[in-house]
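Asks: What follows is a structure written as structure tokens; I'll ask about it next.
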Amino acid sequence: MKKDLKVAIFLGYKSIVNGNKSIMVLMIFILSLAFVNLIFTTSLLNGVTTTLDNQLINNSVANIVIDPQEEPTRENYIVHTKELRQQIQDMPGVIATVVHYNITATFAYDKNKDGQFKYGSWQVIGVDPEEESMLTGISNHIIAGSYLEGLGSGDIVLGSDIAGGYGAAEETRSLGGVKIGEKVKLNFGNGIERDYTVRGISKVKFTLIDQMSYITTKEAKSILKLSDDRASQILVKINKTGDEDQYINKIKELAPNLKVRKWTEYTSMLNSITSSFDLITGMISAIGLAVAATTIFILIYVNTINKRRQIGILKAIGIKENIIIISYILQSFFYAVFGIIFGSIAMFCFIKPYFISHPIVLPIGDISLTVKGYQATQGVLSILAAAFIAGLIPAWRAAKENILEAIWGV
Amino acid sequence: MNIDIKIKNLKKTYFGKVPTHALRGISFEILEGEFIAIMGKSGSGKSTLLHQLGLLDAPTEGELLIDGVDVLKLSDHEKTIFRLQRLGYVFQEYALILELTALENVFLPAFALNGFNQSYKERAINILDKVGLKDRADHCPNELSGGEQQRVAIARALINNPKILFADEPTANLDTNSSREILELFKKLNKELGQTIVLVTHEPDDRKYVDKVFWIKDGLLEREEKIKL
């Protein structure tokens with residue numbers, strides 16, 4: 001067997017080294033393209049879902065969202081949040097917890113100071129600025145002015161899609177260009193109306209988040225007339241995304257009446273987008289795989305079939321079939337391996353860096369390519385498997401063929 | 001003298017739309033060390049006969065013993081090994097591996113039989129020297145003339161010291177001088193090494209190189225002609 005393998009390697013090596021260089025370059029080039037095609041589309045779609053995930057985790061709801069009781073009666077607030085947060089923060093792996101106060105308000109802005117107000121209804125979130133910066137990244141996405149500070153009231157940070165003038169997805173629905181230091185009037189659902197000075201504009205490039213505004217906890221509590229530690233929501237950030245379920249179970253043990261959800265379940269629309277994209281990614285992956293495998297198969301098949309005469313001659317002079325078959329499989333692997341190498345170089349040295357510096361701008365954020373290890377491995381293995389089959393079948397058929405028919409090309 | 005090849009009532013039919021009876025029952029014996037020519041008109045069945053003897057094709061009926069082995073009972077794999085160990089075959093169209101140099105073409109059967117060994121490489125060079133191509137050892141087939149390619153093919157057929165050498169119209173594509181050189185080379189191998197050679201040819205002049213001629217006509221042995229030197 002070892003001797004046969006040596007002969008097969010010798011024949012394969014000579015065929016590659018002394019064979020038609022143009023065909024070799026073309027084969028490797030096409031296999032590179034097949035590999036890039038396989039990885040590119042899935043990594044682009046992965047980029048969409050990754051951006052979506054990151055936006056939600058880093059700039060909105062962290063990993064776990066705790067909402068007030070819904071059954072048997074619906075409550076507006078979570079009670080004893082201080083104690084509950086402490087218990088959650090004591091769990092190993094929990095990075096931080098924060099409380100949010102969610103209020104809907106109607107915004108009014110008199111741009112030209114002529115009594116002509118522009119109105120819009122958006123969500124206001126009451127946050128503790130110091131604690132919030134440990135959990136969400138809004139404070140890092142202030143594009144004008146500054147973020148909230150301390151417990152002071154009277155200031156508000158507007159999302160760029162509320163303020164307007166910062167390239168909002170729905171610019172016409174915005175307030176039309178609020179500047180830092182200007183006043184906006186907020187009319188809350190409970191009848192309270194207050195003026196706020198715009199302290200900062202935030203923009204994370206995700207419409208859902210850029211349509212939110214932020215005031216301090218103290219201000220929110222005064223609007224909601226809360227004097228204790230009740231809150232609308234508790235958000236929990238953990239150090240390993242993916243481990244949410246085990247924490248959710250522990251939190252449910254601590255507070256069985258509360259609604260505890262993973263970030264993926266929090267926004268059903270986004271969850272459905274992510275699920276749809278995952279499905280599309282899977283389908284495109286499968287199609288890409290089939291196309292790549294078929295391309296490789298046809299290329300190598302045609303190349304091998306063109307060597308029927310050589311295979312016939314080898315058999316005629318007494319070279320065993322398994323040697324011939326192995327030599328063609330090795331040649332297929334050579335093309336596949338170099339196709340993967342050059343495809344990887346193109347992907348990781350040129351295409352991916354290009355998309356990092358020139359991301360695709362979508363209303364959910366900047367989309368770059370996300371290559372998942374298992375998908376890249378799947379791509380590599382698929383190409384190798386296709387190359388194996390593409391080398392095996394035609395070589396096996398030609399090697400089994402009548403020697404004279406193979407030589408004469410009948 | 002030992003019998004190298006014994007065939008009895010060998011038949012070959014190609015089953016197309018209309019069955020073609022290429023060989024219709026041929027019987028003869030070839031002794032060890034004989035230089036045999038199989039001759040006949042085009043379409044007489046002489047090449048078909050050689051293909052059966054060289055185990056490149058399987059007869060429809062009959063018996064075939066080569067070097068005492070009933071080769072028709074061998075599996076394809078066993079036939080391949082038998083060819084490698086005991087037979088050498090020279091094709092009309094040279095049939096060299098285009099990606100290999102002359103030396104590698106010659107060396108390949110020895111490599112396949114015994115594994116890599118420097119002595120086989122030296123032997124391949126010696127054989128190339130015998131066929132007058134030592135200085136062309138590193139050339140690929142497309143850099144060699146027809147006559148040179150055929151000599152490489154002969155060298156390849158000899159590398160494993162085959163018991164019998166088959167040659168299917170080896171001079172058909174060559175000019176007169178090259179043809180003469182090839183046939184003289186066969187004669188020399190036959191005389192000096194005692195090599196059994198079975199040559200298919202349609203050139204009546206080639207008779208002067210051989211010991212015996214089997215004349216084939218319409219798939220049958222027409223006559224056996226002993227050549228007196």
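Following the order of the structure tokens, chains are lettered A, B, ..., residues in each are numbered from 1, and ligands are numbered from 1.
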Return the neighbours of chain A among the residues of chain B, cut-off 9 Å, counting only C-alpha atoms, as a PyMOL selection string.
Replies: chain B and resi 51+54-57+77+79-85+87-89+95-100+108-109+111-116+156-157
Asks: Could those selected residues go to a file with C-alpha atoms, as a compact mmCIF listing (two decimals), in the first residue's frame?
Replies:
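out_15.txt, freshly written:
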```
# COMPACT_ATOMS: atom_id res chain seq x y z
CA HIS B 51 -4.70 -7.55 -27.62
CA GLY B 54 -1.31 -8.97 -24.14
CA LEU B 55 -4.31 -9.19 -21.77
CA LEU B 56 -5.58 -5.81 -22.92
CA ASP B 57 -8.85 -7.41 -23.91
CA HIS B 77 -6.35 -6.93 -10.71
CA LYS B 79 -4.11 -9.50 -14.89
CA THR B 80 -2.72 -6.02 -14.20
CA ILE B 81 -0.04 -7.46 -11.94
CA PHE B 82 0.65 -10.24 -14.45
CA ARG B 83 1.15 -7.64 -17.19
CA LEU B 84 3.44 -5.63 -14.95
CA GLN B 85 5.55 -8.62 -13.94
CA LEU B 87 4.64 -8.83 -20.16
CA GLY B 88 5.87 -5.84 -22.08
CA TYR B 89 3.67 -4.09 -24.59
CA ALA B 95 1.42 5.49 -25.73
CA LEU B 96 3.80 7.35 -23.48
CA ILE B 97 2.71 9.34 -20.45
CA LEU B 98 3.01 12.91 -21.64
CA GLU B 99 3.79 14.46 -18.26
CA LEU B 100 6.74 12.15 -17.65
CA LEU B 108 7.53 3.88 -14.01
CA PRO B 109 6.72 0.13 -14.37
CA PHE B 111 8.70 1.79 -9.63
CA ALA B 112 5.16 0.34 -9.62
CA LEU B 113 6.47 -3.22 -9.31
CA ASN B 114 9.18 -2.80 -6.70
CA GLY B 115 8.89 0.66 -5.19
CA PHE B 116 11.44 3.40 -5.54
CA ARG B 156 9.61 0.96 -20.93
CA ALA B 157 8.34 -2.43 -22.05
```
Asks: When you look at Leu158 of chain A with a cut-off of 8 Å (counting only C-alpha atoms), what residues show up, excluding the ones that are within fewer than 2 positions of it in the same chain? I need them as a ChimeraX atom specification.
Replies: /A:156,160,162-163,198,200-202,210-214
Asks: Can you write out the residues you just picked, keeping C-alpha atoms, as an mmCIF file, in the first residue's frame?
Replies:
```cif
data_model
loop_
_atom_site.group_PDB
_atom_site.id
_atom_site.type_symbol
_atom_site.label_atom_id
_atom_site.label_comp_id
_atom_site.auth_asym_id
_atom_site.auth_seq_id
_atom_site.Cartn_x
_atom_site.Cartn_y
_atom_site.Cartn_z
ATOM 1 C CA ILE A 156 -32.359 64.961 27.917
ATOM 2 C CA SER A 160 -30.652 61.013 16.307
ATOM 3 C CA ILE A 162 -35.878 61.948 17.136
ATOM 4 C CA ALA A 163 -33.663 65.027 16.839
ATOM 5 C CA VAL A 198 -31.107 68.823 24.865
ATOM 6 C CA GLY A 200 -26.696 65.314 23.705
ATOM 7 C CA ILE A 201 -27.649 63.441 20.544
ATOM 8 C CA SER A 202 -26.986 59.704 20.387
ATOM 9 C CA ASP A 210 -32.032 55.909 17.659
ATOM 10 C CA GLN A 211 -35.721 56.581 18.249
ATOM 11 C CA MET A 212 -35.239 56.565 22.029
ATOM 12 C CA SER A 213 -34.411 59.360 24.417
ATOM 13 C CA TYR A 214 -32.805 59.313 27.828
#
```
Asks: Which value, in Å to one decimal, gives the distance between atom CA of Pro256 of chain A and atom CA of Ile223 of chain A?
Replies: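 Separation of atom CA of Pro256 of chain A and atom CA of Ile223 of chain A: 28.7 Å.
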Asks: Extract, using only C-alpha atoms, all DNA, RNA and protein residues at most 6 Å from segment 238-250 of chain A, discarding same-chain residues fewer than 2 positions from it, and format them as a list in words.
Replies: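 Residues meeting the cut-off are Gly93, Val94, Ile95, Lys252 and Glu253 of chain A.
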Asks: Can you pull out every residue within 7 Å of segment 343-351 of chain A, counting only C-alpha atoms, but drop anything in the same chain fewer than 5 positions away, and send it as a list in words?
Replies: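 Listing them by chain and then by number gives Ser32, Leu33, Phe35 and Val36 of chain A.
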Asks: The selected residues should be written to file as a short mmCIF file (atom, residue, chain, number, x, y, z; two decimals), in the first residue's frame (atoms: N, CA and C atoms).
Replies:
```cif
data_model
loop_
_atom_site.label_atom_id
_atom_site.label_comp_id
_atom_site.auth_asym_id
_atom_site.auth_seq_id
_atom_site.Cartn_x
_atom_site.Cartn_y
_atom_site.Cartn_z
N SER A 32 -11.03 28.75 -6.05
CA SER A 32 -10.94 29.88 -5.11
C SER A 32 -12.25 30.65 -5.11
N LEU A 33 -12.77 30.91 -6.31
CA LEU A 33 -14.04 31.64 -6.41
C LEU A 33 -15.17 30.85 -5.75
N PHE A 35 -14.91 28.78 -3.32
CA PHE A 35 -14.73 28.86 -1.86
C PHE A 35 -15.18 30.24 -1.35
N VAL A 36 -14.75 31.29 -2.04
CA VAL A 36 -15.13 32.65 -1.63
C VAL A 36 -16.65 32.79 -1.68
#
```
Asks: Hey, which bits of segment 105-181 of chain B sit within 10 Å of segment 199-214 of chain B, and for each residue what's the closest pair of atoms and how far apart in Å (one decimal), counting only C-alpha atoms, rows by chain and increasing number, as CSV?
Replies:
```
residue,atom,partner,partner_atom,distance
B:Leu165,CA,B:Leu199,CA,8.2
B:Phe166,CA,B:Leu199,CA,5.9
B:Ala167,CA,B:Leu199,CA,4.8
B:Asp168,CA,B:Val200,CA,4.9
B:Glu169,CA,B:Thr201,CA,4.9
B:Pro170,CA,B:Thr201,CA,7.8
B:Thr171,CA,B:Thr201,CA,8.1
B:Ala172,CA,B:Thr201,CA,8.0
B:Ser179,CA,B:Asp206,CA,9.5
B:Arg180,CA,B:Asp206,CA,8.8
```
Asks: Enumerate the residues of segment 21-93 of chain A with a DSSP assignment of helix (DSSP H, G or I), computed from the backbone, and present them as a PyMOL selection string.
Replies: chain A and resi 21-61+81-89
Asks: Which residues, written as a PyMOL selection string, have at least one atom at most 10 Å from segment 130-139 of chain B, with only C-alpha atoms counted and residues fewer than 6 positions away on the same chain left out?
Replies: chain B and resi 100-106+124+148-152+154-155+181-182+185-186+189
Asks: Counting only C-alpha atoms, figure out which residue out of A:Asp366, A:Glu193, A:Glu401, A:Glu75 gets nearest to Thr49 of chain A.
Replies: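 Once distances to Thr49 of chain A are computed over only C-alpha atoms, the minimum belongs to A:Asp366.
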Asks: Can you list, as a VMD selection string, all residues belonging to segment 216-410 of chain A that DSSP tags as strand (DSSP E or B)?
Replies: chain A and resid 216 231 233 to 238 259 to 262 360 to 362 365 to 367
Asks: Just give me the gap between atom CA of Thr370 of chain A and atom CA of Leu44 of chain A in Å, one decimal is fine.
Replies: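 Atom CA of Thr370 of chain A sits 6.5 Å away from atom CA of Leu44 of chain A.
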Asks: Can you measure atom CA of Tyr266 of chain A to atom CA of Val65 of chain A for me? One decimal in Å is fine.
Replies: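 A separation of 7.2 Å between them.
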Asks: Tell me which protein, DNA and RNA residues are within 12 Å of segment 352-364 of chain A, counting only C-alpha atoms, leaving out same-chain ones fewer than 5 positions away, and put them as number ranges by chain.
Replies: A: 36, 39-41, 43-45, 47-56, 59, 161, 167-170, 203-211, 270, 273-274, 343-347, 369-371
Asks: Could you pull the residues within 9 Å of Gly68 of chain B, counting only C-alpha atoms, minus those fewer than 4 positions along the same chain, as JSON, numbers by chain?
Replies: {"B": [3, 4, 5, 6]}
Asks: Let me make sure I understand: among A:Val302, A:Val157, A:Leu258, A:Ile287, which one has the smallest atom-to-atom distance to Thr73 of chain A if we use only C-alpha atoms?
Replies: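 Smallest distance to Thr73 of chain A is found for A:Leu258.
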